Amino acid sequence: MTVWIEAELCDGCRRCLKICPYGALELRDGRAYILEQCTFCGACLNVCKKGAILTDAEPRTIPDFSDRKGVWVFAEQRDGELNPVSLELLGKAQVLAETLNQEISALLLGYRVSDLSKTLIKYGADNVYLVEHKALADYRTLAYTKAVEELVRKYKPNIFLIGASHIGRDLAPRVSRRVGVGLTADCTELTIDPDEGILLQTRPAFGGNVMATIANRYSRPQMATVRPGVMEALPKPDKKGNMIKHKVSLLEKEIGTKILEVVKEKKKGVDITKAKVIVAGGRGVGDDKGFKKLQKLAAILGGEVAGTRIVVEKGWIPSENQVGQTGKSVRPEIYIACGVSGAIQHRAGMMNSRYIIAINTDPRAAIFQVADWGIVGDLHEVVPEMIKQLKGKNF
Amino acid sequence: MDIIVLVKQVPDTTDVKLDPKTGNIIREGLDSIINPDDLHALEAAISLKETWGGKVTVISMGPLQAIDALSEAIGMGADKGILLSDKAFAGADTWATSFTLGKAIKKLGKYDLILCGRQAIDGDTAQIGPQVADYLQIPQTTYVCEIEKVNKKSIFVKRQLENGYERIQCVLPALLTVIGELNMPRYPDVGRLISACQEKAPIKFWNAADIGVKTRQIGAEGSLTHVIKTFAPKFKREGEILEGDTKDAVRNLIGKLAEVGMRSE
């Protein structure tokens, strides 16, 4: 397949330049020109009013998916404890299902885990598909894949969301290949396209430097994984739902892996993803002593301390407390960024905070662009002043 | 022990710049490197070979310049490289990529172990490993942070979890995706690297026809997901700067926090 331009027909309107997701078109002598990085995705074909962009590709027909219904969420559990990301996904599923006027189902796999179905319903599930088997007691790729595959083939969902945890990122690609569908990883935004009714999946790419919106037109279910901490759980305490049991046959020899031991390492610190208030430090904090001030402020506000990649690399705070593209995504009520320049990799992890406060000596620092309130000043003066004033009055 | 390592050449995303007008990545001048996680997969493969014998074959899919990644891998100690390069592979999503890699691995034939990095820094999807494993119908273990031992039938590994790790016995042949904690990748040997950059280097080029795939199964045409739009991330908020000396600014800020319901403990 290839894409080319009939130069005589092109009037240089630039429509194709704007639509190209790969920046693979430019204007040469007033006419569109296709560059080396063109992937023949065809995004430009329909925007050309002159019919100057041509292709030898057969138009791809979108299969009829009218029998595909329902928004599914994989309910991840370990030792009978639900991963919070599954409840967050049920929150997002409520929004999507309402737009589509479809039902929400949670997939609960494990051994003696049926009690969890109540929680899943209270967080928005209309149905819980329960698969219980001794071989599903621990998460194992092939056992879980087989059970999920059977459910997908039997009940034909439209959308299927999985948390981008260590389990989810192991299971989702395996399932997608098995049932023959596309998969979008680590989405930060999910919406329904009002015209096509398809799931629009937005995710960061290139280390968070670019956001890409991805569609999955040619296969169902439309599968996506979502990072923990990005979506919001929406409890529905009065909700009623059904539990539907599914039997699966699993032989030990077809599973291929055996869990010999599970070792839980003691948490060295606190879980910043659960903090209501986060006081974050960047390079401007200066050293690990500087973080003592931030810790003091965090303690007064009942919050936790976090930081950027660079302060973790310098060893000023532990890596569990890193916020950003390669760290954690957080959404506290209040995020106070002290001496943080606001590199895009860091912003990607904290942009969903309810209120953002920036303290930085450089008024041009990018962090002010994303802050609700900013103070241009030295954190070493501002933070102690905040501690002083907060201590002074119990407001 | 015959090992296949999947590597990807990626732009060094720690230094990406964007075109302020279009929001697109400026690709010119970006260094190309072997994806960091993949270096750990290479190191693991080479050290397993040093203990158990056998051959290490490195496969990469990409434009012709990705040959540099294969030369570097051979410089580190891999035996041979295969570059899957064809304009028809371009624009592939993970569905089409895992199919392409899977076909190439089937053409290679016998292997005991496939190693790859957990994820690539340009896409961060972590999907290729599990999808290739499913295509080949072999077991997988992801997030491998330690290889404990190997015997004829199984490999024993530690898999990292969010709050610890699990010890897993995985039947061979299998595919593992590895993370940085696994090892410290060695530098290429200069002599090996120089000969790996010469014409007689043990590197083969395979195109779509060589691995027996139809163009509608690969690249953008064979993909199930498509990028419909890219844009620079928008995070913009009001960004009200609180003026005055430190004391006033802080007083003002605490007032704002009180308005939105903030309480000190």
# chains A, B, ... in the order shown; residues from 1 in each chain; ligands from 1
call {"tool": "closest_atom_pairs", "arguments": {"of": "chain B", "to": "chain A", "cutoff": "7 Å", "atoms": "only C-alpha atoms", "output": "JSON lines"}}
result
{"residue": "B:Thr13", "atom": "CA", "partner": "A:Gly207", "partner_atom": "CA", "distance": 5.9}
{"residue": "B:Asn24", "atom": "CA", "partner": "A:Gly23", "partner_atom": "CA", "distance": 6.3}
{"residue": "B:Ala90", "atom": "CA", "partner": "A:Thr39", "partner_atom": "CA", "distance": 5.1}
{"residue": "B:Gly91", "atom": "CA", "partner": "A:Thr39", "partner_atom": "CA", "distance": 4.6}
{"residue": "B:Trp95", "atom": "CA", "partner": "A:Gly182", "partner_atom": "CA", "distance": 6.1}
{"residue": "B:Ile121", "atom": "CA", "partner": "A:Gly207", "partner_atom": "CA", "distance": 6.5}
{"residue": "B:Asp122", "atom": "CA", "partner": "A:Phe206", "partner_atom": "CA", "distance": 4.4}
{"residue": "B:Gly123", "atom": "CA", "partner": "A:Ala205", "partner_atom": "CA", "distance": 5.5}
{"residue": "B:Thr125", "atom": "CA", "partner": "A:Ala185", "partner_atom": "CA", "distance": 5.2}
{"residue": "B:Ala126", "atom": "CA", "partner": "A:Arg169", "partner_atom": "CA", "distance": 6.9}
{"residue": "B:Gln127", "atom": "CA", "partner": "A:Pro173", "partner_atom": "CA", "distance": 5.2}
{"residue": "B:Pro130", "atom": "CA", "partner": "A:Arg174", "partner_atom": "CA", "distance": 5.2}
{"residue": "B:Gln131", "atom": "CA", "partner": "A:Arg174", "partner_atom": "CA", "distance": 5.3}
{"residue": "B:Asp134", "atom": "CA", "partner": "A:Arg174", "partner_atom": "CA", "distance": 5.9}
{"residue": "B:Pro139", "atom": "CA", "partner": "A:Gly256", "partner_atom": "CA", "distance": 5.6}
{"residue": "B:Thr142", "atom": "CA", "partner": "A:Asp170", "partner_atom": "CA", "distance": 6.4}
{"residue": "B:Leu161", "atom": "CA", "partner": "A:His166", "partner_atom": "CA", "distance": 6.3}
{"residue": "B:Glu162", "atom": "CA", "partner": "A:His166", "partner_atom": "CA", "distance": 6.9}
{"residue": "B:Asn163", "atom": "CA", "partner": "A:Lys264", "partner_atom": "CA", "distance": 5.8}
{"residue": "B:Gly164", "atom": "CA", "partner": "A:Lys264", "partner_atom": "CA", "distance": 4.4}
{"residue": "B:Tyr165", "atom": "CA", "partner": "A:Val263", "partner_atom": "CA", "distance": 5.3}
{"residue": "B:Glu166", "atom": "CA", "partner": "A:Val262", "partner_atom": "CA", "distance": 4.2}
{"residue": "B:Arg167", "atom": "CA", "partner": "A:Glu261", "partner_atom": "CA", "distance": 5.1}
{"residue": "B:Ile168", "atom": "CA", "partner": "A:Ile259", "partner_atom": "CA", "distance": 4.6}
{"residue": "B:Gln169", "atom": "CA", "partner": "A:Lys258", "partner_atom": "CA", "distance": 5.1}
{"residue": "B:Cys170", "atom": "CA", "partner": "A:Thr257", "partner_atom": "CA", "distance": 4.5}
{"residue": "B:Val171", "atom": "CA", "partner": "A:Gly256", "partner_atom": "CA", "distance": 5.3}
{"residue": "B:Ala220", "atom": "CA", "partner": "A:Cys41", "partner_atom": "CA", "distance": 5.5}
{"residue": "B:Leu224", "atom": "CA", "partner": "A:Gly182", "partner_atom": "CA", "distance": 5.0}
{"residue": "B:Thr225", "atom": "CA", "partner": "A:Asn216", "partner_atom": "CA", "distance": 4.5}
{"residue": "B:His226", "atom": "CA", "partner": "A:Ile214", "partner_atom": "CA", "distance": 5.5}
{"residue": "B:Val227", "atom": "CA", "partner": "A:Ile214", "partner_atom": "CA", "distance": 4.4}
{"residue": "B:Ile228", "atom": "CA", "partner": "A:Ile214", "partner_atom": "CA", "distance": 5.6}
{"residue": "B:Lys229", "atom": "CA", "partner": "A:Thr213", "partner_atom": "CA", "distance": 5.2}
{"residue": "B:Thr230", "atom": "CA", "partner": "A:Ala212", "partner_atom": "CA", "distance": 4.3}
{"residue": "B:Phe231", "atom": "CA", "partner": "A:Met211", "partner_atom": "CA", "distance": 5.3}
{"residue": "B:Ala232", "atom": "CA", "partner": "A:Val210", "partner_atom": "CA", "distance": 5.1}
{"residue": "B:Pro233", "atom": "CA", "partner": "A:Met211", "partner_atom": "CA", "distance": 5.6}
{"residue": "B:Phe235", "atom": "CA", "partner": "A:Val370", "partner_atom": "CA", "distance": 5.4}
{"residue": "B:Lys236", "atom": "CA", "partner": "A:Val370", "partner_atom": "CA", "distance": 4.7}
{"residue": "B:Arg237", "atom": "CA", "partner": "A:Val370", "partner_atom": "CA", "distance": 4.9}
{"residue": "B:Glu238", "atom": "CA", "partner": "A:Asp372", "partner_atom": "CA", "distance": 5.4}
{"residue": "B:Gly239", "atom": "CA", "partner": "A:Asp372", "partner_atom": "CA", "distance": 4.6}
{"residue": "B:Glu240", "atom": "CA", "partner": "A:Trp373", "partner_atom": "CA", "distance": 4.8}
{"residue": "B:Ile241", "atom": "CA", "partner": "A:Gly374", "partner_atom": "CA", "distance": 4.6}
{"residue": "B:Leu242", "atom": "CA", "partner": "A:Ile375", "partner_atom": "CA", "distance": 5.4}
{"residue": "B:Thr246", "atom": "CA", "partner": "A:Val382", "partner_atom": "CA", "distance": 6.0}
{"residue": "B:Lys247", "atom": "CA", "partner": "A:Glu385", "partner_atom": "CA", "distance": 6.7}
{"residue": "B:Ala249", "atom": "CA", "partner": "A:Ile375", "partner_atom": "CA", "distance": 6.7}
{"residue": "B:Val250", "atom": "CA", "partner": "A:Met386", "partner_atom": "CA", "distance": 6.0}
{"residue": "B:Arg263", "atom": "CA", "partner": "A:Phe395", "partner_atom": "CA", "distance": 6.5}
{"residue": "B:Ser264", "atom": "CA", "partner": "A:Leu301", "partner_atom": "CA", "distance": 4.8}
{"residue": "B:Glu265", "atom": "CA", "partner": "A:Gly302", "partner_atom": "CA", "distance": 5.6}
call {"tool": "atom_distance", "arguments": {"atom1": "atom CA of Ile33 of chain B", "atom2": "atom CA of Asp124 of chain B"}}
result
15.2 Å
call {"tool": "residues_around", "arguments": {"residues": "Gly241 of chain A", "least_positions_apart": "3", "cutoff": "12 Å", "atoms": "only C-alpha atoms", "output": "VMD selection string"}}
result
chain A and resid 103 to 106 117 to 129 236 to 238 244
call {"tool": "select_by_dssp", "arguments": {"residues": "segment 129-309 of chain A", "states": "helix (DSSP H, G or I)", "output": "PyMOL selection string"}}
result
chain A and resi 134-136+141-155+168-179+206-208+252-254+272-274+283-285+288-300+309
call {"tool": "residues_around", "arguments": {"residues": "Gly77 of chain B", "least_positions_apart": "4", "cutoff": "8 Å", "atoms": "only C-alpha atoms", "output": "list of chain:residue names"}}
result
B:Ile46, B:Ala73, B:Pro188, B:Asp189, B:Arg192
call {"tool": "closest_residue", "arguments": {"among": "A:Leu27, A:Leu96, A:Arg354, A:Leu136", "to": "Glu189 of chain A", "atoms": "only C-alpha atoms"}}
result
A:Leu96
call {"tool": "residues_around", "arguments": {"residues": "Leu113 of chain B", "least_positions_apart": "2", "cutoff": "8 Å", "atoms": "only C-alpha atoms", "output": "PyMOL selection string"}}
result
chain B and resi 1-4+111+115+172-176
call {"tool": "atom_distance", "arguments": {"atom1": "atom CA of Pro228 of chain A", "atom2": "atom CA of Gly163 of chain A"}}
result
6.4 Å
call {"tool": "residues_around", "arguments": {"residues": "Asp115 of chain A", "least_positions_apart": "3", "cutoff": "12 Å", "atoms": "only C-alpha atoms", "output": "PDB file with C-alpha atoms, in the first residue's frame"}}
result
ATOM      1  CA  GLN A  77      -7.791  -8.984  43.112  1.00  0.00           C
ATOM      2  CA  GLY A  80      -9.086 -11.424  48.079  1.00  0.00           C
ATOM      3  CA  GLU A  81      -8.271  -7.734  48.029  1.00  0.00           C
ATOM      4  CA  LEU A  82      -9.438  -5.591  45.133  1.00  0.00           C
ATOM      5  CA  LEU A 108     -14.040 -11.333  38.897  1.00  0.00           C
ATOM      6  CA  LEU A 109     -11.605 -14.245  38.709  1.00  0.00           C
ATOM      7  CA  GLY A 110     -10.041 -16.123  41.609  1.00  0.00           C
ATOM      8  CA  TYR A 111     -10.750 -18.708  44.245  1.00  0.00           C
ATOM      9  CA  ARG A 112     -13.287 -18.002  46.999  1.00  0.00           C
ATOM     10  CA  LYS A 118     -20.879  -6.832  46.411  1.00  0.00           C
ATOM     11  CA  THR A 119     -18.180  -4.170  46.376  1.00  0.00           C
ATOM     12  CA  LEU A 120     -18.063  -4.181  42.587  1.00  0.00           C
ATOM     13  CA  ILE A 121     -21.828  -3.612  42.404  1.00  0.00           C
ATOM     14  CA  VAL A 128     -20.455  -9.466  37.941  1.00  0.00           C
ATOM     15  CA  LEU A 130     -17.622 -14.697  38.547  1.00  0.00           C
ATOM     16  CA  GLU A 132     -13.821 -19.427  40.551  1.00  0.00           C
ATOM     17  CA  MET A 243     -23.861 -12.238  39.750  1.00  0.00           C
TER      18      MET A 243
END
call {"tool": "atom_distance", "arguments": {"atom1": "atom CA of Lys69 of chain A", "atom2": "atom CA of Ile192 of chain A"}}
result
13.9 Å
